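Enquirer: Just so it is clear, I am handing over target.tsv, which has TSV, C-alpha atoms.
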```tsv
chain	number	residue	atom	x	y	z
A	1	MET	CA	-7.46	5.54	-20.64
A	2	GLY	CA	-5.52	3.88	-17.85
A	3	VAL	CA	-4.98	0.60	-19.70
A	4	PRO	CA	-2.84	1.95	-22.58
A	5	SER	CA	-0.73	3.96	-20.11
A	6	THR	CA	-0.11	0.87	-18.01
A	7	ARG	CA	0.79	-1.17	-21.06
A	8	ALA	CA	3.28	1.52	-22.18
A	9	ALA	CA	4.98	1.49	-18.79
A	10	PHE	CA	5.14	-2.30	-18.80
A	11	SER	CA	6.65	-2.30	-22.29
A	12	ALA	CA	9.28	0.21	-21.23
A	13	LEU	CA	10.15	-2.01	-18.27
A	14	LEU	CA	10.66	-5.00	-20.57
A	15	GLU	CA	13.01	-2.93	-22.69
A	16	ASP	CA	15.38	-2.41	-19.71
A	17	SER	CA	18.54	-4.37	-20.33
A	18	ALA	CA	20.24	-6.37	-17.62
A	19	GLU	CA	23.15	-3.95	-17.85
A	20	ASP	CA	20.87	-0.96	-17.20
A	21	LEU	CA	19.33	-2.70	-14.24
A	22	TYR	CA	22.79	-3.47	-12.87
A	23	GLU	CA	24.20	0.01	-13.37
A	24	SER	CA	21.18	1.95	-12.11
A	25	ALA	CA	20.12	-0.36	-9.29
A	26	PRO	CA	19.06	1.34	-6.01
A	27	CYS	CA	21.95	-0.43	-4.28
A	28	GLY	CA	25.63	-0.83	-5.01
A	29	TYR	CA	27.06	-3.87	-6.79
A	30	LEU	CA	30.64	-4.93	-7.26
A	31	SER	CA	32.50	-8.09	-8.10
A	32	THR	CA	36.04	-8.79	-6.98
A	33	LEU	CA	38.66	-11.42	-7.59
A	34	MET	CA	39.44	-13.71	-4.68
A	35	ASP	CA	42.29	-11.41	-3.63
A	36	GLY	CA	39.78	-8.54	-3.39
A	37	THR	CA	40.70	-6.69	-6.58
A	38	VAL	CA	37.63	-4.93	-7.97
A	39	ALA	CA	36.70	-6.39	-11.34
A	40	LYS	CA	33.30	-4.81	-11.80
A	41	ILE	CA	31.31	-2.06	-10.05
A	42	ASN	CA	28.01	-0.39	-10.86
A	43	ALA	CA	27.35	3.28	-11.39
A	44	THR	CA	25.26	3.59	-8.25
A	45	LEU	CA	28.15	2.68	-5.95
A	46	LEU	CA	30.59	4.80	-7.95
A	47	ASP	CA	28.24	7.77	-7.57
A	48	TRP	CA	27.97	7.21	-3.80
A	49	LEU	CA	31.76	7.11	-3.48
A	50	GLY	CA	32.46	9.96	-5.92
A	51	LEU	CA	34.83	7.79	-7.96
A	52	THR	CA	35.18	6.87	-11.61
A	53	ARG	CA	35.30	3.38	-13.00
A	54	ASP	CA	38.88	3.86	-14.23
A	55	GLU	CA	39.97	4.77	-10.69
A	56	VAL	CA	38.57	1.57	-9.26
A	57	VAL	CA	38.38	-1.38	-11.64
A	58	GLY	CA	41.59	-3.40	-11.70
A	59	ARG	CA	43.35	-0.78	-9.58
A	60	ILE	CA	42.18	-1.19	-6.01
A	61	ARG	CA	40.81	-3.86	-3.73
A	62	PHE	CA	37.46	-3.85	-2.01
A	63	SER	CA	39.15	-3.27	1.34
A	64	ASP	CA	40.71	-0.07	-0.07
A	65	LEU	CA	37.23	1.40	-0.35
A	66	LEU	CA	36.72	1.02	3.41
A	67	THR	CA	37.69	3.28	6.28
A	68	VAL	CA	40.63	2.26	8.45
A	69	GLY	CA	38.33	0.64	10.99
A	70	GLY	CA	36.28	-1.04	8.29
A	71	ARG	CA	39.44	-2.33	6.59
A	72	LEU	CA	40.70	-3.79	9.84
A	73	TYR	CA	37.40	-5.56	10.47
A	74	HIS	CA	37.32	-6.81	6.87
A	75	GLU	CA	40.78	-8.33	7.09
A	76	THR	CA	40.39	-9.90	10.54
A	77	HIS	CA	36.76	-11.02	10.48
A	78	PHE	CA	34.85	-10.47	7.28
A	79	ALA	CA	37.23	-11.99	4.73
A	80	PRO	CA	38.18	-15.10	6.79
A	81	LEU	CA	34.53	-15.89	7.55
A	82	LEU	CA	33.54	-15.37	3.93
A	83	ARG	CA	36.21	-17.82	2.78
A	84	MET	CA	35.00	-20.43	5.28
A	85	GLN	CA	31.26	-19.99	4.87
A	86	GLY	CA	30.94	-18.74	1.30
A	87	HIS	CA	28.30	-16.17	2.25
A	88	LEU	CA	27.95	-13.30	4.71
A	89	GLY	CA	24.90	-11.05	4.92
A	90	GLY	CA	23.99	-7.73	6.50
A	91	ILE	CA	27.45	-6.81	7.80
A	92	ALA	CA	27.78	-3.17	8.89
A	93	LEU	CA	30.87	-1.43	7.52
A	94	GLU	CA	31.96	2.08	6.63
A	95	MET	CA	33.23	3.11	3.18
A	96	LYS	CA	35.18	6.27	2.47
A	97	THR	CA	34.19	8.67	-0.30
A	98	ALA	CA	36.48	10.66	-2.55
A	99	GLN	CA	35.64	13.75	-0.49
A	100	GLY	CA	36.87	12.04	2.70
A	101	SER	CA	33.47	11.51	4.28
A	102	ARG	CA	32.22	8.24	5.70
A	103	LEU	CA	29.41	6.23	4.17
A	104	PRO	CA	27.79	3.67	6.53
A	105	VAL	CA	26.74	0.60	4.54
A	106	LEU	CA	25.36	-2.89	4.96
A	107	VAL	CA	27.33	-5.44	2.93
A	108	THR	CA	26.31	-8.87	1.69
A	109	SER	CA	28.92	-10.99	-0.11
A	110	THR	CA	28.73	-14.37	-1.82
A	111	VAL	CA	31.54	-16.47	-3.23
A	112	LYS	CA	30.87	-17.72	-6.79
A	113	ARG	CA	32.39	-21.16	-7.42
A	114	SER	CA	33.14	-23.22	-10.51
A	115	ASP	CA	31.48	-26.53	-11.27
A	116	ASP	CA	34.43	-28.17	-9.50
A	117	GLY	CA	33.81	-26.09	-6.39
A	118	GLU	CA	36.78	-23.80	-6.86
A	119	PRO	CA	36.18	-20.17	-5.76
A	120	LEU	CA	36.19	-17.83	-8.75
A	121	LEU	CA	35.08	-14.40	-7.56
A	122	ILE	CA	33.15	-12.57	-4.87
A	123	ARG	CA	29.88	-10.82	-5.61
A	124	THR	CA	28.98	-8.06	-3.13
A	125	THR	CA	25.83	-6.03	-2.66
A	126	VAL	CA	26.12	-2.70	-0.81
A	127	PHE	CA	23.15	-0.91	0.81
A	128	ASP	CA	23.32	2.69	1.97
A	129	ALA	CA	22.78	2.58	5.75
A	130	THR	CA	22.94	6.32	6.36
A	131	ASP	CA	19.33	6.51	7.49
A	132	ARG	CA	19.73	3.40	9.61
A	133	ARG	CA	22.88	4.80	11.22
A	134	ALA	CA	21.09	8.03	12.00
A	135	TYR	CA	18.22	6.02	13.48
A	136	GLU	CA	20.62	3.93	15.57
A	137	GLN	CA	22.39	7.04	16.78
A	138	GLU	CA	19.07	8.59	17.70
A	139	LEU	CA	18.15	5.44	19.61
A	140	LEU	CA	21.52	5.56	21.35
A	141	ARG	CA	21.00	9.21	22.28
A	142	ALA	CA	17.53	8.39	23.54
A	143	ARG	CA	18.87	5.49	25.58
A	144	ARG	CA	21.61	7.66	27.07
A	145	ALA	CA	19.06	10.35	27.86
A	146	ALA	CA	16.84	7.74	29.51
A	147	ASP	CA	19.79	6.42	31.51
A	148	ASP	CA	20.70	9.95	32.58
A	149	ALA	CA	17.10	10.61	33.56
A	150	ARG	CA	16.97	7.35	35.52
A	151	ARG	CA	20.20	8.18	37.37
A	152	GLN	CA	18.91	11.67	38.11
A	153	ALA	CA	15.61	10.25	39.33
A	154	GLU	CA	17.47	7.85	41.61
A	155	ALA	CA	19.59	10.70	42.95
A	156	ASP	CA	16.49	12.83	43.50
A	157	ARG	CA	14.75	9.91	45.20
A	158	GLU	CA	17.73	9.37	47.49
A	159	GLN	CA	17.83	13.05	48.32
A	160	LEU	CA	14.09	12.94	49.03
A	161	ARG	CA	14.56	9.90	51.26
A	162	GLU	CA	17.25	11.68	53.24
A	163	ALA	CA	15.15	14.83	53.60
A	164	LEU	CA	12.07	12.86	54.66
A	165	ALA	CA	14.10	10.82	57.15
A	166	VAL	CA	15.35	14.04	58.75
A	167	LEU	CA	11.83	15.47	58.82
A	168	GLN	CA	10.42	12.24	60.23
A	169	GLN	CA	12.99	12.26	63.01
A	170	SER	CA	12.10	15.85	63.84
A	171	LEU	CA	8.57	14.66	64.64
A	172	LEU	CA	9.87	12.20	67.24
A	173	PRO	CA	11.88	12.74	70.42
A	174	ALA	CA	15.61	12.45	69.82
A	175	THR	CA	15.99	10.38	73.00
A	176	LEU	CA	13.81	9.23	75.85
A	177	PRO	CA	14.52	10.78	79.25
A	178	ASP	CA	16.19	8.83	82.03
A	179	ILE	CA	13.69	7.90	84.71
A	180	PRO	CA	15.31	6.66	87.94
A	181	GLY	CA	14.47	3.01	88.47
A	182	VAL	CA	12.47	2.80	85.22
A	183	GLU	CA	13.52	1.30	81.89
A	184	THR	CA	12.16	2.62	78.58
A	185	ALA	CA	12.55	1.67	74.94
A	186	CYS	CA	11.01	2.72	71.63
A	187	HIS	CA	11.01	1.90	67.95
A	188	TYR	CA	9.60	3.51	64.81
A	189	HIS	CA	9.09	1.47	61.65
A	190	THR	CA	8.72	3.51	58.47
A	191	ALA	CA	6.64	1.69	55.87
A	192	SER	CA	7.75	3.91	52.97
A	193	PRO	CA	11.08	5.76	52.71
A	194	ILE	CA	9.52	8.31	50.35
A	195	GLN	CA	6.35	9.11	52.29
A	196	LEU	CA	5.99	10.73	55.68
A	197	GLY	CA	4.04	8.74	58.22
A	198	GLY	CA	1.73	10.03	60.92
A	199	ASP	CA	2.65	7.95	63.99
A	200	PHE	CA	4.09	9.76	67.01
A	201	TYR	CA	5.10	9.27	70.64
A	202	ASP	CA	6.74	11.18	73.48
A	203	LEU	CA	7.83	10.80	77.10
A	204	PHE	CA	8.83	13.75	79.29
A	205	ALA	CA	9.08	14.90	82.91
A	206	LEU	CA	6.24	16.80	84.53
A	207	ASP	CA	7.89	17.76	87.82
A	208	GLY	CA	11.02	16.40	89.44
A	209	ASP	CA	11.85	12.71	89.05
A	210	ASP	CA	8.56	11.26	90.23
A	211	ARG	CA	6.00	12.15	87.53
A	212	PHE	CA	6.30	11.75	83.81
A	213	ALA	CA	3.80	12.15	81.00
A	214	PHE	CA	3.67	10.01	77.88
A	215	PHE	CA	1.58	9.73	74.75
A	216	LEU	CA	1.49	7.72	71.54
A	217	GLY	CA	-0.82	8.01	68.57
A	218	ASP	CA	-1.52	7.95	64.87
A	219	VAL	CA	-2.87	10.79	62.72
A	220	CYS	CA	-4.96	10.24	59.61
A	221	GLY	CA	-3.32	10.39	56.21
A	222	LYS	CA	0.23	10.40	54.91
A	223	GLY	CA	2.65	12.93	53.52
A	224	PRO	CA	3.19	16.61	54.33
A	225	GLN	CA	-0.34	17.20	55.63
A	226	ALA	CA	0.04	14.28	58.03
A	227	ALA	CA	3.39	15.67	59.15
A	228	ALA	CA	1.82	19.06	59.88
A	229	LEU	CA	-0.96	17.38	61.84
A	230	THR	CA	1.56	15.26	63.75
A	231	SER	CA	3.57	18.32	64.72
A	232	LEU	CA	0.46	20.18	65.90
A	233	THR	CA	-0.73	17.12	67.85
A	234	ARG	CA	2.59	16.51	69.61
A	235	TYR	CA	3.10	20.08	70.72
A	236	THR	CA	-0.52	20.46	71.78
A	237	LEU	CA	-0.42	17.32	73.93
A	238	ARG	CA	2.92	18.27	75.44
A	239	ALA	CA	1.77	21.78	76.33
A	240	ALA	CA	-1.55	20.47	77.68
A	241	ALA	CA	0.16	17.88	79.90
A	242	LEU	CA	2.57	20.44	81.35
A	243	HIS	CA	-0.38	22.69	82.11
A	244	ASP	CA	-2.69	20.03	83.53
A	245	PRO	CA	-1.49	16.41	84.01
A	246	ASP	CA	-4.95	14.96	83.45
A	247	PRO	CA	-4.98	12.58	80.44
A	248	VAL	CA	-8.67	13.18	79.69
A	249	ALA	CA	-8.21	16.95	79.82
A	250	ASN	CA	-5.20	16.63	77.51
A	251	LEU	CA	-7.21	14.74	74.90
A	252	GLY	CA	-10.06	17.24	75.27
A	253	MET	CA	-7.68	20.12	74.60
A	254	LEU	CA	-6.31	18.35	71.51
A	255	ASN	CA	-9.85	17.67	70.32
A	256	THR	CA	-10.70	21.38	70.56
A	257	VAL	CA	-7.51	22.45	68.77
A	258	LEU	CA	-8.02	20.03	65.88
A	259	LEU	CA	-11.67	21.04	65.42
A	260	GLU	CA	-10.70	24.71	65.34
A	261	ARG	CA	-7.74	24.18	63.03
A	262	TYR	CA	-9.31	21.76	60.55
A	263	THR	CA	-12.79	22.79	59.52
A	264	GLY	CA	-15.02	22.53	56.47
A	265	ASP	CA	-14.27	19.90	53.86
A	266	ASP	CA	-10.85	18.97	55.24
A	267	PRO	CA	-11.38	17.36	58.66
A	268	ARG	CA	-8.34	15.92	60.38
A	269	TYR	CA	-8.31	13.58	63.32
A	270	CYS	CA	-6.12	11.10	65.15
A	271	THR	CA	-6.10	8.29	67.64
A	272	ALA	CA	-4.05	8.75	70.78
A	273	VAL	CA	-3.36	7.35	74.22
A	274	VAL	CA	-2.13	9.80	76.85
A	275	GLY	CA	-0.93	8.93	80.32
A	276	VAL	CA	0.96	9.85	83.48
A	277	LEU	CA	3.53	7.76	85.36
A	278	GLU	CA	3.98	8.32	89.08
A	279	ARG	CA	6.63	6.63	91.17
A	280	ALA	CA	5.50	5.04	94.44
A	281	GLY	CA	8.31	3.13	96.11
A	282	ASP	CA	9.23	0.10	94.00
A	283	SER	CA	6.13	0.50	91.85
A	284	VAL	CA	4.81	2.92	89.22
A	285	HIS	CA	1.18	3.99	89.07
A	286	VAL	CA	-0.14	4.58	85.55
A	287	ARG	CA	-3.17	6.68	84.62
A	288	LEU	CA	-4.06	6.87	80.96
A	289	ALA	CA	-6.87	7.92	78.62
A	290	SER	CA	-7.54	6.73	75.09
A	291	GLY	CA	-9.15	8.40	72.14
A	292	GLY	CA	-9.98	5.64	69.68
A	293	HIS	CA	-6.53	4.06	70.06
A	294	PRO	CA	-5.67	0.34	70.32
A	295	PRO	CA	-5.55	-0.80	73.96
A	296	ALA	CA	-2.28	-0.69	75.86
A	297	LEU	CA	-0.78	-4.08	76.71
A	298	VAL	CA	0.73	-4.89	80.09
A	299	LEU	CA	3.31	-7.67	80.27
A	300	ARG	CA	3.55	-9.02	83.80
A	301	GLY	CA	6.70	-10.34	85.37
A	302	ASP	CA	4.96	-13.64	86.13
A	303	GLY	CA	4.53	-14.37	82.41
A	304	GLY	CA	1.06	-12.98	81.77
A	305	ALA	CA	-0.03	-10.36	79.23
A	306	GLU	CA	-3.26	-8.37	79.54
A	307	TYR	CA	-4.88	-5.49	77.68
A	308	LEU	CA	-6.04	-2.36	79.48
A	309	SER	CA	-9.55	-1.97	78.12
A	310	THR	CA	-10.30	1.50	76.78
A	311	ARG	CA	-13.19	0.46	74.59
A	312	GLY	CA	-15.49	3.37	73.74
A	313	GLY	CA	-12.86	6.06	73.38
A	314	MET	CA	-13.62	8.24	70.36
A	315	LEU	CA	-11.39	9.64	67.64
A	316	VAL	CA	-9.71	12.90	68.58
A	317	GLY	CA	-10.77	15.81	66.36
A	318	ALA	CA	-13.82	14.14	64.83
A	319	LEU	CA	-16.66	15.31	67.12
A	320	PRO	CA	-17.07	18.34	69.42
A	321	ALA	CA	-18.37	16.22	72.29
A	322	ALA	CA	-15.92	13.33	71.94
A	323	GLN	CA	-15.68	10.94	74.89
A	324	PHE	CA	-12.39	9.48	76.10
A	325	VAL	CA	-12.01	6.37	78.23
A	326	THR	CA	-9.59	6.06	81.14
A	327	ALA	CA	-7.71	3.11	82.58
A	328	ARG	CA	-5.32	2.55	85.48
A	329	THR	CA	-2.68	-0.01	86.33
A	330	THR	CA	0.33	-0.42	88.55
A	331	LEU	CA	3.67	-1.64	87.27
A	332	HIS	CA	5.73	-3.80	89.61
A	333	PRO	CA	9.30	-5.00	89.12
A	334	GLY	CA	9.38	-7.16	85.97
A	335	ASP	CA	6.24	-5.52	84.45
A	336	THR	CA	6.23	-3.65	81.13
A	337	LEU	CA	3.63	-1.33	79.64
A	338	LEU	CA	3.53	-1.54	75.82
A	339	LEU	CA	1.97	1.12	73.63
A	340	TYR	CA	1.75	0.62	69.85
A	341	THR	CA	-0.02	1.89	66.75
A	342	ASP	CA	-2.33	-0.16	64.54
A	343	GLY	CA	0.32	-0.83	61.90
A	344	LEU	CA	1.32	-3.75	64.13
A	345	THR	CA	-2.10	-5.38	64.61
A	346	GLU	CA	-3.28	-4.63	61.05
A	347	ALA	CA	-0.29	-6.23	59.33
A	348	ARG	CA	-1.27	-8.90	56.78
A	349	ILE	CA	0.13	-12.37	57.30
A	350	GLY	CA	-0.03	-15.80	55.71
A	351	PRO	CA	-1.20	-16.89	52.26
A	352	GLY	CA	-4.66	-15.47	52.96
A	353	LYS	CA	-3.26	-12.06	53.98
A	354	GLU	CA	-5.22	-12.11	57.22
A	355	LEU	CA	-4.87	-9.43	59.90
A	356	TYR	CA	-2.26	-10.17	62.53
A	357	GLY	CA	-4.72	-9.04	65.21
A	358	TYR	CA	-4.81	-8.50	68.96
A	359	ASP	CA	-4.92	-12.15	70.00
A	360	ALA	CA	-1.71	-12.92	68.12
A	361	LEU	CA	-0.01	-9.86	69.60
A	362	GLN	CA	-1.05	-10.84	73.14
A	363	SER	CA	0.23	-14.37	72.62
A	364	PHE	CA	3.51	-13.16	71.13
A	365	ALA	CA	4.04	-10.63	73.92
A	366	ALA	CA	3.34	-13.25	76.58
A	367	GLY	CA	6.11	-15.32	75.03
A	368	LEU	CA	8.54	-12.46	75.63
A	369	THR	CA	7.92	-12.35	79.38
A	370	PRO	CA	9.58	-11.97	81.71
A	371	SER	CA	11.53	-9.37	79.73
A	372	GLY	CA	12.32	-5.71	80.18
A	373	PRO	CA	11.22	-2.99	77.73
A	374	ARG	CA	14.36	-3.21	75.62
A	375	ARG	CA	14.01	-6.95	74.99
A	376	VAL	CA	10.29	-6.51	74.33
A	377	ILE	CA	10.96	-3.83	71.72
A	378	ASP	CA	13.74	-5.93	70.17
A	379	GLY	CA	11.39	-8.89	69.89
A	380	LEU	CA	8.65	-6.78	68.30
A	381	THR	CA	11.13	-5.20	65.91
A	382	GLU	CA	12.08	-8.66	64.64
A	383	LEU	CA	8.39	-9.49	64.36
A	384	LEU	CA	7.80	-6.41	62.20
A	385	ARG	CA	10.68	-7.36	59.92
A	386	GLY	CA	9.17	-10.81	59.51
A	387	PHE	CA	5.93	-9.33	58.17
A	388	GLY	CA	7.73	-8.19	55.00
A	389	ASP	CA	5.34	-6.73	52.44
A	390	GLY	CA	2.45	-7.47	54.79
A	391	LEU	CA	3.44	-4.47	56.88
A	392	ASP	CA	2.26	-1.51	54.80
A	393	ASP	CA	1.71	1.08	57.53
A	394	ASP	CA	4.05	2.94	59.84
A	395	THR	CA	4.31	1.49	63.34
A	396	ALA	CA	5.36	3.21	66.56
A	397	LEU	CA	6.27	1.27	69.70
A	398	LEU	CA	6.87	2.60	73.23
A	399	ALA	CA	7.62	0.35	76.19
A	400	ILE	CA	7.92	1.43	79.84
A	401	GLY	CA	8.73	-0.96	82.69
A	402	LEU	CA	10.48	-1.75	85.91
A	403	PRO	CA	13.55	-4.01	85.98
A	404	ASP	CA	12.99	-7.45	87.43
A	405	ARG	CA	14.60	-7.67	90.87
A	406	THR	CA	14.52	-11.41	91.38
A	407	ASP	CA	18.24	-11.55	92.22
A	408	THR	CA	18.92	-10.99	95.92
A	409	GLY	CA	22.67	-10.73	95.72
A	410	SER	CA	22.66	-6.96	95.72
```
Will you turn the file into structure tokens for me?
Expert:
Amino acid sequence: MGVPSTRAAFSALLEDSAEDLYESAPCGYLSTLMDGTVAKINATLLDWLGLTRDEVVGRIRFSDLLTVGGRLYHETHFAPLLRMQGHLGGIALEMKTAQGSRLPVLVTSTVKRSDDGEPLLIRTTVFDATDRRAYEQELLRARRAADDARRQAEADREQLREALAVLQQSLLPATLPDIPGVETACHYHTASPIQLGGDFYDLFALDGDDRFAFFLGDVCGKGPQAAALTSLTRYTLRAAALHDPDPVANLGMLNTVLLERYTGDDPRYCTAVVGVLERAGDSVHVRLASGGHPPALVLRGDGGAEYLSTRGGMLVGALPAAQFVTARTTLHPGDTLLLYTDGLTEARIGPGKELYGYDALQSFAAGLTPSGPRRVIDGLTELLRGFGDGLDDDTALLAIGLPDRTDTGS
């Protein structure tokens, strides 16, 4: 049954005349003289424009069917190029309908020439580009919306950076106190401007101008929870030191507080070094205790650099019976005590992304001597910048020392 039906349809197709195909084509056709006067136009295009054949043929030019903008483009670009090249394809223009509306179209024109090469007429095919225009406009709206969203995201990110910077600063001392005869310096490197770090430090007077307490450490994690833990740790250590200037007792108090505060499936802990400075003539005696923290480094005025071993100190807040290791040293004129967090020693360097490590830090620090705390911190700050992407963790630095008194002119 399908074969006769197919044959009937095929026969009907063969009966279509060339004129019918021209008039009823799914696109517009028109032919113009070389001056643009319309000589022939099909019914499809007339229907799109709402015009009759008598209103168009021999009466108007192709450019008259265009909008003002389309006419200007036709006269200044389209027509001159067509005369030079003989063919233009897929040009976007706008035609005006009898009702005054705009019809976006794609136009392809070809110059027909005589056997002698003389131009005779211009044949033009017109495709309705309404759907394409709507698609392009939708793409444009989507692009603008994406651009607006990107700008808003950047503004939100900048606002977040500013808020986090303020919050981060609130977790650190605004300034270090003045200690008569002692020089101090500090630096905090933030690895990510959109994520709160957990490094902390502090230096404050215990009584009078002779005894000062200090601490520096690193809490586990990042973000708001790390910030909350940092705040709790700082204020606990400060209160404990003011109550009892014993570094081991201070770490024990912090250990108890963290175990009571963070229980169950959400344990929180930190590493920390806590100490006391006590003036004694031209020297400063240092007592410190460490809970799982990298060893403090002492830079001597004679050019040496040595670690204060606190091996065996346990994490603070991890175990009820945590043990903390003590160390002592005396700072003389020209000596500097350097405290740091593991972002410095665990930075990745070189093509192999190897750890920077303690040996490299000791060697670098020895190269800074004899230098006071400010020059030491400046040198380490430049070192951190040089790590680039290899430095992916926050780093806190605190240096305490006595000025070198080698000059005798005073």
Enquirer: At what distance in Å, to one decimal, does CA of Asp209 in chain A lie from CA of Glu278 in chain A?
Expert: 9.0 Å
Enquirer: CA of Pro173 in chain A to CA of Thr230 in chain A: how many Å, to one decimal?
Expert: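 That distance, rounded to one decimal, is 12.5 Å.
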Enquirer: Mind checking which residues fall within 7 Å of range 268-277 of chain A, counting only C-alpha atoms, ignoring those fewer than 6 positions away in the same chain, and posting them as a compact mmCIF listing (two decimals) with C-alpha atoms, keeping the file's coordinate frame?
Expert:
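This is the output file around.txt:
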```txt
# COMPACT_ATOMS: atom_id res chain seq x y z
CA ARG A 211 6.00 12.15 87.53
CA PHE A 212 6.30 11.75 83.81
CA ALA A 213 3.80 12.15 81.00
CA PHE A 214 3.67 10.01 77.88
CA PHE A 215 1.58 9.73 74.75
CA LEU A 216 1.49 7.72 71.54
CA GLY A 217 -0.82 8.01 68.57
CA ASP A 218 -1.52 7.95 64.87
CA VAL A 219 -2.87 10.79 62.72
CA CYS A 220 -4.96 10.24 59.61
CA PRO A 247 -4.98 12.58 80.44
CA LEU A 258 -8.02 20.03 65.88
CA TYR A 262 -9.31 21.76 60.55
CA VAL A 284 4.81 2.92 89.22
CA HIS A 285 1.18 3.99 89.07
CA VAL A 286 -0.14 4.58 85.55
CA ARG A 287 -3.17 6.68 84.62
CA LEU A 288 -4.06 6.87 80.96
CA ALA A 289 -6.87 7.92 78.62
CA SER A 290 -7.54 6.73 75.09
CA GLY A 291 -9.15 8.40 72.14
CA GLY A 292 -9.98 5.64 69.68
CA HIS A 293 -6.53 4.06 70.06
CA LEU A 315 -11.39 9.64 67.64
CA VAL A 316 -9.71 12.90 68.58
CA GLY A 317 -10.77 15.81 66.36
CA ALA A 318 -13.82 14.14 64.83
```
Enquirer: Is there a way to get, as a list in words, all residues within 9 Å of the point (-2.6, -7.6, 59.0) in file coordinates, counting all atoms listed in the file?
Expert: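 Here the neighbourhood of the point contains Gly343, Leu344, Thr345, Glu346, Ala347, Arg348, Ile349, Lys353, Glu354, Leu355, Tyr356, Gly357, Phe387, Gly390, Leu391 and Asp392 of chain A.
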Enquirer: What's the 10 Å shell around Asp178 in chain A, counting all atoms listed in the file, without same-chain residues fewer than 6 positions away, as JSON, numbers by chain?
Expert: {"A": [184, 203, 204, 205, 209]}
Enquirer: I need the residue nearest His87 in chain A from this list: A:Arg59, A:Arg102, A:Arg123, A:Arg143. Use only C-alpha atoms for the distance.
Expert: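 The closest residue to His87 in chain A is A:Arg123.
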Enquirer: Name the residues, using the chain letters and numbers of the file, that sit within 10 Å of (30.0, -12.4, -3.3) when counting all atoms listed in the file, and give them as a short mmCIF file (atom, residue, chain, number, x, y, z; two decimals) with C-alpha atoms, in the frame of the given file.
Expert:
```cif
data_model
loop_
_atom_site.label_atom_id
_atom_site.label_comp_id
_atom_site.auth_asym_id
_atom_site.auth_seq_id
_atom_site.Cartn_x
_atom_site.Cartn_y
_atom_site.Cartn_z
CA TYR A 29 27.06 -3.87 -6.79
CA LEU A 30 30.64 -4.93 -7.26
CA SER A 31 32.50 -8.09 -8.10
CA THR A 32 36.04 -8.79 -6.98
CA LEU A 33 38.66 -11.42 -7.59
CA MET A 34 39.44 -13.71 -4.68
CA LEU A 82 33.54 -15.37 3.93
CA GLY A 86 30.94 -18.74 1.30
CA HIS A 87 28.30 -16.17 2.25
CA LEU A 88 27.95 -13.30 4.71
CA GLY A 89 24.90 -11.05 4.92
CA VAL A 107 27.33 -5.44 2.93
CA THR A 108 26.31 -8.87 1.69
CA SER A 109 28.92 -10.99 -0.11
CA THR A 110 28.73 -14.37 -1.82
CA VAL A 111 31.54 -16.47 -3.23
CA LYS A 112 30.87 -17.72 -6.79
CA ARG A 113 32.39 -21.16 -7.42
CA LEU A 120 36.19 -17.83 -8.75
CA LEU A 121 35.08 -14.40 -7.56
CA ILE A 122 33.15 -12.57 -4.87
CA ARG A 123 29.88 -10.82 -5.61
CA THR A 124 28.98 -8.06 -3.13
CA THR A 125 25.83 -6.03 -2.66
#
```
Enquirer: Could you give me, as an MDAnalysis selection string, the residues within 12 Å of His74 in chain A, counting all atoms listed in the file and dropping anything in the same chain fewer than 4 positions from it?
Expert: chainID A and resid 36 61:70 78:83 88 91:95 107 109
Enquirer: Could you name the residues that touch Thr381 in chain A at 9 Å or less, counting all atoms listed in the file, but leaving out those on the same chain fewer than 6 positions away, as a PyMOL selection string?
Expert: chain A and resi 187-189+397
Enquirer: For the residues in that selection, give me C-alpha atoms as a compact mmCIF listing (two decimals), in the frame of the given file.
Expert:
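Below is the file that was written, selection_4.txt:
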```txt
# COMPACT_ATOMS: atom_id res chain seq x y z
CA HIS A 187 11.01 1.90 67.95
CA TYR A 188 9.60 3.51 64.81
CA HIS A 189 9.09 1.47 61.65
CA LEU A 397 6.27 1.27 69.70
```
Enquirer: Please, what distance in Å, to one decimal, runs between CA of Leu398 in chain A and CA of Leu319 in chain A?
Expert: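 So the two atoms, CA of Leu398 in chain A and CA of Leu319 in chain A, lie 27.4 Å apart.
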Enquirer: Can you pull out the residues contacting Gly379 in chain A? Cut-off 12 Å, using only C-alpha atoms, and skip same-chain residues under 6 positions away; I want them as a ChimeraX atom specification.
Expert: /A:185-187,361,364-369,371-373,385-386,397,399
Enquirer: Using only the atoms of range 29-35 of chain A listed in the file, plus 6 Å on each side, state the axis-aligned box centre and edge lengths in Å rounded to one decimal, as AutoDock Vina command-line options.
Expert:
```
--center_x 34.7 --center_y -8.8 --center_z -5.9 --size_x 27.2 --size_y 21.8 --size_z 16.5
```
Enquirer: Rank A:Thr326, A:Ser192, A:Gln225, A:Asn42 by their smallest atom-to-atom distance to Leu308 in chain A, using only C-alpha atoms, and report the top residue only.
Expert: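 Under the stated criterion, the closest residue is A:Thr326.
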Enquirer: Could you tell me which of A:Glu306, A:Asp199, A:Glu158, A:Asp394 comes closest to Ser363 in chain A if we count all atoms listed in the file?
Expert: A:Glu306
Enquirer: Using all atoms listed in the file, can you tell me which of A:Asp359, A:Asp389, A:Asp404, A:Glu183 comes closest to Leu297 in chain A?
Expert: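 Looking only at the distances to Leu297 in chain A, the closest residue turns out to be A:Asp359.
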Enquirer: Considering all atoms listed in the file, state which residue in the set A:Pro26, A:Gly58, A:Gly388, A:Pro294 is at the smallest distance from Val126 in chain A.
Expert: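 Ranked by minimum distance to Val126 in chain A, first place goes to A:Pro26.
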